[in-house]
>>> print(open('entry.txt').read())   # compact mmCIF, C-alpha atoms
# COMPACT_ATOMS: atom_id res chain seq x y z
CA LEU A 1 8.67 -52.24 -2.55
CA ASN A 2 5.67 -50.04 -3.50
CA VAL A 3 3.22 -52.52 -1.96
CA LYS A 4 5.22 -52.57 1.28
CA ALA A 5 5.54 -48.78 1.34
CA ASN A 6 1.83 -48.36 0.65
CA HIS A 7 0.95 -50.80 3.42
CA ALA A 8 3.27 -49.00 5.86
CA TYR A 9 1.78 -45.63 4.87
CA ASN A 10 -1.78 -46.86 5.41
CA HIS A 11 -0.76 -48.33 8.76
CA LEU A 12 0.78 -44.97 9.73
CA LEU A 13 -2.41 -43.15 8.73
CA SER A 14 -4.42 -45.57 10.85
CA ASP A 15 -2.08 -45.11 13.84
CA MET A 16 -2.55 -41.36 13.53
CA GLY A 17 -6.34 -41.77 13.60
CA PHE A 18 -7.10 -41.29 9.91
CA ALA A 19 -9.18 -43.77 7.95
CA ASN A 20 -7.49 -42.88 4.65
CA GLU A 21 -5.77 -40.04 2.78
CA ARG A 22 -9.06 -38.26 2.14
CA ASP A 23 -9.73 -38.24 5.88
CA LEU A 24 -6.24 -36.81 6.50
CA ALA A 25 -6.73 -34.11 3.85
CA ALA A 26 -10.21 -33.28 5.13
CA ARG A 27 -9.02 -32.76 8.67
CA SER A 28 -5.82 -30.90 7.79
CA LYS A 29 -7.58 -28.58 5.34
CA GLY A 30 -10.84 -28.29 7.25
CA MET A 31 -12.70 -29.47 4.16
CA ASP A 32 -15.81 -31.63 4.07
CA TYR A 33 -15.19 -33.55 0.85
CA ALA A 34 -18.50 -35.41 1.01
CA ALA A 35 -20.40 -32.10 1.15
CA PHE A 36 -18.22 -30.73 -1.66
CA ALA A 37 -19.00 -33.82 -3.76
CA GLU A 38 -22.74 -33.17 -3.24
CA VAL A 39 -22.35 -29.56 -4.41
CA THR A 40 -20.40 -30.61 -7.51
CA ARG A 41 -22.96 -33.31 -8.30
CA ALA A 42 -25.75 -30.73 -8.03
CA LEU A 43 -23.81 -28.37 -10.31
CA ASP A 44 -23.28 -31.18 -12.81
CA ASP A 45 -26.98 -32.07 -12.72
CA SER A 46 -28.07 -28.46 -13.19
CA THR A 47 -25.75 -27.77 -16.14
CA ARG A 48 -25.77 -31.08 -18.01
CA GLN A 49 -28.69 -30.25 -20.33
CA THR A 50 -27.33 -26.81 -21.23
CA TYR A 51 -23.86 -28.25 -21.86
CA SER A 52 -25.26 -30.98 -24.11
CA ARG A 53 -27.42 -28.52 -26.05
CA VAL A 54 -24.57 -26.05 -26.63
CA MET A 55 -22.07 -28.75 -27.52
CA ALA A 56 -24.57 -30.36 -29.93
CA GLU A 57 -24.71 -27.00 -31.74
CA ILE A 58 -20.96 -26.32 -31.81
CA VAL A 59 -19.29 -29.71 -32.27
CA PRO A 60 -20.63 -30.71 -35.71
CA SER A 61 -19.27 -27.58 -37.40
CA LEU A 62 -15.90 -27.84 -35.65
CA MET A 63 -15.28 -31.58 -35.62
CA GLY A 64 -17.32 -32.86 -38.57
CA ARG A 65 -19.20 -35.33 -36.36
CA GLU A 66 -22.13 -35.27 -34.01
CA PHE A 67 -21.56 -34.47 -30.34
CA PRO A 68 -22.92 -37.82 -29.02
CA GLY A 69 -20.27 -39.54 -31.20
CA LEU A 70 -17.39 -37.89 -29.34
CA SER A 71 -15.28 -39.85 -26.92
CA LEU A 72 -12.52 -38.84 -24.51
CA ALA A 73 -10.10 -39.52 -27.36
CA HIS A 74 -11.52 -36.46 -29.16
CA LEU A 75 -11.20 -34.15 -26.17
CA GLN A 76 -7.62 -33.01 -26.82
CA GLN A 77 -8.39 -32.29 -30.45
CA PHE A 78 -11.52 -30.33 -29.53
CA LEU A 79 -9.78 -28.30 -26.82
CA HIS A 80 -7.03 -27.18 -29.20
CA LEU A 81 -9.22 -26.01 -32.05
CA ARG A 82 -8.88 -22.34 -32.90
CA ASP A 83 -12.25 -22.01 -34.63
CA PRO A 84 -14.15 -21.47 -31.35
CA ASP A 85 -12.68 -17.95 -31.35
CA GLN A 86 -15.46 -17.02 -33.76
CA PHE A 87 -17.89 -17.39 -30.86
CA PHE A 88 -16.04 -14.69 -28.90
CA PRO A 89 -16.24 -11.52 -31.03
CA LYS A 90 -14.40 -8.46 -29.76
CA GLU A 91 -17.50 -6.28 -30.27
CA LYS A 92 -19.44 -8.26 -27.66
CA LEU A 93 -16.70 -8.74 -25.04
CA LEU A 94 -17.64 -5.83 -22.80
CA ASP A 95 -21.40 -6.48 -22.97
CA VAL A 96 -20.97 -10.22 -22.30
CA CYS A 97 -18.66 -9.56 -19.37
CA ARG A 98 -20.89 -6.82 -17.92
CA SER A 99 -23.89 -9.15 -18.01
CA THR A 100 -21.82 -12.00 -16.55
CA PHE A 101 -20.85 -9.89 -13.54
CA ALA A 102 -24.34 -8.39 -13.26
CA GLY A 103 -25.63 -11.95 -12.91
CA MET A 104 -23.43 -12.21 -9.82
CA GLY A 105 -24.72 -8.90 -8.44
CA LEU A 106 -21.57 -6.99 -9.46
CA HIS A 107 -22.40 -3.92 -11.55
CA PHE A 108 -19.62 -1.83 -13.07
CA GLU A 109 -21.93 1.16 -13.46
CA ARG A 110 -22.74 1.08 -9.71
CA THR A 111 -19.08 0.91 -8.72
CA PRO A 112 -17.60 4.34 -9.57
CA ASN A 113 -14.20 3.51 -8.08
CA LEU A 114 -13.77 0.70 -10.65
CA ARG A 115 -13.20 2.34 -14.01
CA ILE A 116 -13.05 0.55 -17.32
CA ASP A 117 -10.57 1.79 -19.92
CA ALA A 118 -11.65 0.18 -23.19
CA GLU A 119 -10.51 3.03 -25.43
CA ASP A 120 -8.81 1.86 -28.62
CA ARG A 121 -5.54 3.82 -28.68
CA PRO A 122 -2.89 3.07 -31.35
CA LYS A 123 -0.08 1.92 -29.03
CA LYS A 124 -2.27 0.40 -26.35
CA ASP A 125 -1.41 -3.20 -25.48
CA SER A 126 -4.24 -5.60 -26.22
CA ARG A 127 -3.66 -7.67 -23.07
CA ALA A 128 -6.07 -6.83 -20.25
CA PHE A 129 -4.62 -5.71 -16.91
CA CYS A 130 -5.67 -4.20 -13.60
CA ALA A 131 -4.11 -0.90 -12.50
CA THR A 132 -4.51 0.04 -8.85
CA VAL A 133 -3.94 3.76 -8.41
CA GLN A 134 -5.52 3.88 -4.95
CA ILE A 135 -7.06 0.80 -3.34
CA PRO A 136 -10.08 0.79 -3.26
CA GLY A 137 -10.69 4.38 -4.40
CA GLU A 138 -9.29 4.26 -7.93
CA VAL A 139 -8.98 0.95 -9.75
CA TYR A 140 -8.75 0.60 -13.53
CA LEU A 141 -9.58 -2.40 -15.68
CA VAL A 142 -7.63 -1.71 -18.85
CA PHE A 143 -8.09 -3.65 -22.07
CA LYS A 144 -8.22 -3.39 -25.83
CA PRO A 145 -10.49 -6.13 -27.20
CA VAL A 146 -9.13 -8.26 -30.02
CA GLY A 147 -11.64 -11.09 -29.75
CA GLY A 148 -11.28 -14.80 -29.19
CA ALA A 149 -11.67 -17.09 -26.22
CA GLU A 150 -8.27 -16.17 -24.80
CA ASP A 151 -9.16 -12.46 -24.88
CA TYR A 152 -12.39 -13.10 -22.96
CA ALA A 153 -10.55 -15.28 -20.43
CA ALA A 154 -7.84 -12.64 -19.90
CA PHE A 155 -10.47 -9.93 -19.45
CA LEU A 156 -12.43 -11.97 -16.91
CA HIS A 157 -9.22 -12.84 -15.02
CA GLU A 158 -8.16 -9.19 -14.78
CA ALA A 159 -11.73 -8.19 -13.90
CA GLY A 160 -11.42 -10.56 -10.95
CA HIS A 161 -8.35 -8.65 -9.73
CA SER A 162 -10.17 -5.37 -10.33
CA TRP A 163 -13.22 -6.41 -8.32
CA HIS A 164 -10.98 -7.63 -5.50
CA TYR A 165 -9.22 -4.27 -5.20
CA ALA A 166 -12.35 -2.16 -5.81
CA LEU A 167 -14.26 -4.02 -3.08
CA THR A 168 -11.45 -3.90 -0.51
CA ASP A 169 -12.50 -2.37 2.81
CA PRO A 170 -11.18 1.23 2.80
CA SER A 171 -10.84 1.20 6.59
CA LEU A 172 -8.05 -1.38 6.43
CA PRO A 173 -4.53 -0.06 6.95
CA TYR A 174 -2.63 0.69 3.75
CA GLU A 175 -0.38 -2.31 4.34
CA ASP A 176 -3.37 -4.66 4.22
CA ARG A 177 -4.89 -2.97 1.16
CA GLY A 178 -1.84 -2.43 -1.04
CA LEU A 179 1.18 -4.33 0.22
CA ALA A 180 0.10 -7.94 0.16
CA THR A 181 2.62 -10.48 1.38
CA SER A 182 0.76 -12.96 -0.80
CA TYR A 183 -1.34 -12.42 -3.90
CA ALA A 184 -3.31 -15.60 -3.24
CA LEU A 185 -6.53 -13.75 -2.35
CA SER A 186 -6.45 -11.64 -5.51
CA GLU A 187 -5.67 -14.72 -7.61
CA VAL A 188 -8.66 -16.52 -6.05
CA TYR A 189 -10.91 -13.69 -7.27
CA SER A 190 -9.32 -13.96 -10.72
CA PHE A 191 -9.48 -17.71 -11.00
CA LEU A 192 -13.13 -17.72 -9.92
CA MET A 193 -13.90 -15.41 -12.81
>>> encode(input="entry.txt", output="structure tokens")
Amino acid sequence: LNVKANHAYNHLLSDMGFANERDLAARSKGMDYAAFAEVTRALDDSTRQTYSRVMAEIVPSLMGREFPGLSLAHLQQFLHLRDPDQFFPKEKLLDVCRSTFAGMGLHFERTPNLRIDAEDRPKKDSRAFCATVQIPGEVYLVFKPVGGAEDYAAFLHEAGHSWHYALTDPSLPYEDRGLATSYALSEVYSFLM
């Protein structure tokens, strides 16, 4: 049945003028997958040496074996180790994140409407969040560093929301600045970070 269904599906794609599913997706999404593949290959080529060097330093202490000896079978074990949190100290979170954004041309100190609240208050929640008092005029990135990879990831995610709101065009009507019918755009900023 699956072979027949697959054959019928491919025939339908052909009748509709598509060579295959990738062609259908490319046209319906307006995406050039061949060009995207070239970009990802270039990214892979440009980061491979750095990745190998860093992993060769980290893996032996965490896994008790050399990095070149790892296989895909070790991936799940490696991804669920808690020891990597030591590489994400709370004291360095703000400096690391500032330099990360500065490398993208985004400078907190040059964006007065985006304020960072990193004060360590007794009852302050440690989870980072973005507070939009007035978009784009007054946006707060609130956090209380605790350290660890998850803390860095949460900070960067919320920083993405904060940059989105802080860089919103002030001439847009309030409805377009503060009453989104979809949060997809803000989530794109966050997921990119």
>>> closest_residue(input="entry.txt", among="A:Met104, A:Ile116, A:Ala26, A:Ala154", to="Tyr140 of chain A", atoms="all atoms listed in the file")
A:Ile116
>>> atom_distance(input="entry.txt", atom1="atom CA of Thr132 of chain A", atom2="atom CA of Phe88 of chain A")
27.4 Å
>>> atom_distance(input="entry.txt", atom1="atom CA of Leu114 of chain A", atom2="atom CA of Lys90 of chain A")
21.2 Å
>>> atom_distance(input="entry.txt", atom1="atom CA of Ser52 of chain A", atom2="atom CA of Pro84 of chain A")
16.3 Å
>>> closest_residue(input="entry.txt", among="A:Trp163, A:Tyr174, A:Tyr9, A:Phe143", to="His107 of chain A", atoms="only C-alpha atoms")
A:Trp163
>>> residues_around(input="entry.txt", residues="segment 34-38 of chain A", least_positions_apart="5", cutoff="12 Å", atoms="only C-alpha atoms", output="VMD selection string")
chain A and resid 22 to 23 26 43 to 45
>>> axis_aligned_box(input="entry.txt", around="segment 152-163 of chain A", padding_each_side="5 Å", output="JSON")
{"center_x": -10.5, "center_y": -10.3, "center_z": -15.6, "size_x": 15.4, "size_y": 19.9, "size_z": 24.6}
>>> residues_around(input="entry.txt", residues="Leu156 of chain A", least_positions_apart="6", cutoff="9 Å", atoms="only C-alpha atoms", output="number ranges by chain")
A: 97, 128, 190-191, 193
>>> residues_around(input="entry.txt", residues="segment 175-185 of chain A", least_positions_apart="5", cutoff="9 Å", atoms="all atoms listed in the file", output="list in words")
Thr132, Gln134, Ile135, Pro136, His164, Tyr165, Thr168, Asp169, Pro170 and Ser190 of chain A
>>> closest_residue(input="entry.txt", among="A:Glu21, A:Asp85, A:Asp120, A:Glu57", to="Gly147 of chain A", atoms="all atoms listed in the file")
A:Asp85
>>> decode(input="entry.txt", residues="segment 20-136 of chain A", atoms="C-alpha atoms", output="PDB file, in the first residue's frame")
ATOM      1  CA  ASN A  20       9.883  16.246  -6.242  1.00  0.00           C
ATOM      2  CA  GLU A  21       8.875  17.309  -2.726  1.00  0.00           C
ATOM      3  CA  ARG A  22      11.859  19.635  -2.407  1.00  0.00           C
ATOM      4  CA  ASP A  23      10.742  21.432  -5.569  1.00  0.00           C
ATOM      5  CA  LEU A  24       7.211  21.746  -4.147  1.00  0.00           C
ATOM      6  CA  ALA A  25       8.520  23.098  -0.829  1.00  0.00           C
ATOM      7  CA  ALA A  26      10.923  25.474  -2.577  1.00  0.00           C
ATOM      8  CA  ARG A  27       8.199  27.003  -4.699  1.00  0.00           C
ATOM      9  CA  SER A  28       5.551  27.156  -1.970  1.00  0.00           C
ATOM     10  CA  LYS A  29       7.938  28.682   0.573  1.00  0.00           C
ATOM     11  CA  GLY A  30       9.919  30.803  -1.882  1.00  0.00           C
ATOM     12  CA  MET A  31      13.106  29.120  -0.681  1.00  0.00           C
ATOM     13  CA  ASP A  32      16.147  28.272  -2.768  1.00  0.00           C
ATOM     14  CA  TYR A  33      17.292  25.104  -1.008  1.00  0.00           C
ATOM     15  CA  ALA A  34      20.358  24.679  -3.210  1.00  0.00           C
ATOM     16  CA  ALA A  35      21.587  28.166  -2.243  1.00  0.00           C
ATOM     17  CA  PHE A  36      20.768  27.439   1.409  1.00  0.00           C
ATOM     18  CA  ALA A  37      22.784  24.208   1.209  1.00  0.00           C
ATOM     19  CA  GLU A  38      25.767  26.200  -0.117  1.00  0.00           C
ATOM     20  CA  VAL A  39      25.529  28.646   2.799  1.00  0.00           C
ATOM     21  CA  THR A  40      25.337  25.825   5.345  1.00  0.00           C
ATOM     22  CA  ARG A  41      28.278  24.048   3.720  1.00  0.00           C
ATOM     23  CA  ALA A  42      30.309  27.264   3.910  1.00  0.00           C
ATOM     24  CA  LEU A  43      29.349  27.682   7.576  1.00  0.00           C
ATOM     25  CA  ASP A  44      30.346  24.083   8.266  1.00  0.00           C
ATOM     26  CA  ASP A  45      33.677  24.577   6.492  1.00  0.00           C
ATOM     27  CA  SER A  46      34.429  27.808   8.366  1.00  0.00           C
ATOM     28  CA  THR A  47      33.635  26.402  11.826  1.00  0.00           C
ATOM     29  CA  ARG A  48      34.895  22.819  11.577  1.00  0.00           C
ATOM     30  CA  GLN A  49      38.431  23.516  12.862  1.00  0.00           C
ATOM     31  CA  THR A  50      37.220  25.615  15.804  1.00  0.00           C
ATOM     32  CA  TYR A  51      34.618  22.987  16.718  1.00  0.00           C
ATOM     33  CA  SER A  52      37.199  20.196  16.605  1.00  0.00           C
ATOM     34  CA  ARG A  53      39.697  22.188  18.681  1.00  0.00           C
ATOM     35  CA  VAL A  54      37.149  23.101  21.369  1.00  0.00           C
ATOM     36  CA  MET A  55      35.665  19.619  21.521  1.00  0.00           C
ATOM     37  CA  ALA A  56      39.155  18.078  21.748  1.00  0.00           C
ATOM     38  CA  GLU A  57      39.705  20.217  24.865  1.00  0.00           C
ATOM     39  CA  ILE A  58      36.341  19.528  26.531  1.00  0.00           C
ATOM     40  CA  VAL A  59      35.482  15.915  25.688  1.00  0.00           C
ATOM     41  CA  PRO A  60      38.345  14.080  27.438  1.00  0.00           C
ATOM     42  CA  SER A  61      37.531  15.579  30.842  1.00  0.00           C
ATOM     43  CA  LEU A  62      33.800  14.977  30.463  1.00  0.00           C
ATOM     44  CA  MET A  63      33.686  11.618  28.713  1.00  0.00           C
ATOM     45  CA  GLY A  64      36.978   9.974  29.684  1.00  0.00           C
ATOM     46  CA  ARG A  65      37.929   9.414  26.042  1.00  0.00           C
ATOM     47  CA  GLU A  66      39.443  11.414  23.237  1.00  0.00           C
ATOM     48  CA  PHE A  67      37.179  13.426  20.952  1.00  0.00           C
ATOM     49  CA  PRO A  68      38.178  11.584  17.730  1.00  0.00           C
ATOM     50  CA  GLY A  69      37.032   8.352  19.447  1.00  0.00           C
ATOM     51  CA  LEU A  70      33.447   9.578  19.796  1.00  0.00           C
ATOM     52  CA  SER A  71      30.722   8.227  17.584  1.00  0.00           C
ATOM     53  CA  LEU A  72      27.074   9.184  17.132  1.00  0.00           C
ATOM     54  CA  ALA A  73      26.312   6.619  19.837  1.00  0.00           C
ATOM     55  CA  HIS A  74      28.014   8.933  22.363  1.00  0.00           C
ATOM     56  CA  LEU A  75      26.098  12.032  21.301  1.00  0.00           C
ATOM     57  CA  GLN A  76      23.095  11.556  23.604  1.00  0.00           C
ATOM     58  CA  GLN A  77      25.342  10.907  26.582  1.00  0.00           C
ATOM     59  CA  PHE A  78      27.444  13.979  25.820  1.00  0.00           C
ATOM     60  CA  LEU A  79      24.438  16.258  25.319  1.00  0.00           C
ATOM     61  CA  HIS A  80      22.958  15.307  28.688  1.00  0.00           C
ATOM     62  CA  LEU A  81      26.051  15.835  30.808  1.00  0.00           C
ATOM     63  CA  ARG A  82      25.693  18.482  33.490  1.00  0.00           C
ATOM     64  CA  ASP A  83      29.420  19.144  33.891  1.00  0.00           C
ATOM     65  CA  PRO A  84      29.540  21.595  30.953  1.00  0.00           C
ATOM     66  CA  ASP A  85      27.823  24.098  33.261  1.00  0.00           C
ATOM     67  CA  GLN A  86      31.259  24.796  34.707  1.00  0.00           C
ATOM     68  CA  PHE A  87      32.138  26.485  31.421  1.00  0.00           C
ATOM     69  CA  PHE A  88      29.288  28.981  31.889  1.00  0.00           C
ATOM     70  CA  PRO A  89      30.056  30.851  35.136  1.00  0.00           C
ATOM     71  CA  LYS A  90      27.490  33.366  36.337  1.00  0.00           C
ATOM     72  CA  GLU A  91      30.195  36.021  36.825  1.00  0.00           C
ATOM     73  CA  LYS A  92      30.958  36.067  33.102  1.00  0.00           C
ATOM     74  CA  LEU A  93      27.407  35.852  31.699  1.00  0.00           C
ATOM     75  CA  LEU A  94      26.872  39.557  31.123  1.00  0.00           C
ATOM     76  CA  ASP A  95      30.353  40.170  29.663  1.00  0.00           C
ATOM     77  CA  VAL A  96      30.112  37.141  27.351  1.00  0.00           C
ATOM     78  CA  CYS A  97      26.663  38.161  26.151  1.00  0.00           C
ATOM     79  CA  ARG A  98      27.648  41.817  25.686  1.00  0.00           C
ATOM     80  CA  SER A  99      30.616  40.790  23.542  1.00  0.00           C
ATOM     81  CA  THR A 100      28.467  38.302  21.611  1.00  0.00           C
ATOM     82  CA  PHE A 101      25.998  41.029  20.658  1.00  0.00           C
ATOM     83  CA  ALA A 102      28.769  43.563  20.038  1.00  0.00           C
ATOM     84  CA  GLY A 103      30.176  41.120  17.494  1.00  0.00           C
ATOM     85  CA  MET A 104      26.860  41.461  15.662  1.00  0.00           C
ATOM     86  CA  GLY A 105      26.972  45.267  15.854  1.00  0.00           C
ATOM     87  CA  LEU A 106      24.433  45.423  18.701  1.00  0.00           C
ATOM     88  CA  HIS A 107      25.742  47.425  21.655  1.00  0.00           C
ATOM     89  CA  PHE A 108      23.733  47.650  24.865  1.00  0.00           C
ATOM     90  CA  GLU A 109      25.596  50.789  25.945  1.00  0.00           C
ATOM     91  CA  ARG A 110      24.618  52.546  22.680  1.00  0.00           C
ATOM     92  CA  THR A 111      20.949  51.607  23.033  1.00  0.00           C
ATOM     93  CA  PRO A 112      19.623  53.676  25.971  1.00  0.00           C
ATOM     94  CA  ASN A 113      16.047  52.478  25.507  1.00  0.00           C
ATOM     95  CA  LEU A 114      17.167  48.884  26.222  1.00  0.00           C
ATOM     96  CA  ARG A 115      17.989  48.688  29.906  1.00  0.00           C
ATOM     97  CA  ILE A 116      19.579  45.745  31.647  1.00  0.00           C
ATOM     98  CA  ASP A 117      18.413  44.900  35.160  1.00  0.00           C
ATOM     99  CA  ALA A 118      21.041  42.527  36.544  1.00  0.00           C
ATOM    100  CA  GLU A 119      20.712  43.637  40.170  1.00  0.00           C
ATOM    101  CA  ASP A 120      20.797  40.752  42.642  1.00  0.00           C
ATOM    102  CA  ARG A 121      17.708  41.321  44.797  1.00  0.00           C
ATOM    103  CA  PRO A 122      16.665  38.700  47.406  1.00  0.00           C
ATOM    104  CA  LYS A 123      13.268  37.763  45.925  1.00  0.00           C
ATOM    105  CA  LYS A 124      14.174  38.311  42.289  1.00  0.00           C
ATOM    106  CA  ASP A 125      13.439  35.345  40.034  1.00  0.00           C
ATOM    107  CA  SER A 126      16.568  33.930  38.430  1.00  0.00           C
ATOM    108  CA  ARG A 127      14.872  33.292  35.074  1.00  0.00           C
ATOM    109  CA  ALA A 128      15.621  35.979  32.476  1.00  0.00           C
ATOM    110  CA  PHE A 129      12.691  37.837  30.913  1.00  0.00           C
ATOM    111  CA  CYS A 130      11.934  40.842  28.734  1.00  0.00           C
ATOM    112  CA  ALA A 131       9.663  43.586  30.095  1.00  0.00           C
ATOM    113  CA  THR A 132       8.251  46.035  27.567  1.00  0.00           C
ATOM    114  CA  VAL A 133       7.100  49.186  29.333  1.00  0.00           C
ATOM    115  CA  GLN A 134       6.908  51.243  26.138  1.00  0.00           C
ATOM    116  CA  ILE A 135       7.914  49.808  22.760  1.00  0.00           C
ATOM    117  CA  PRO A 136      10.539  50.820  21.686  1.00  0.00           C
TER     118      PRO A 136
END
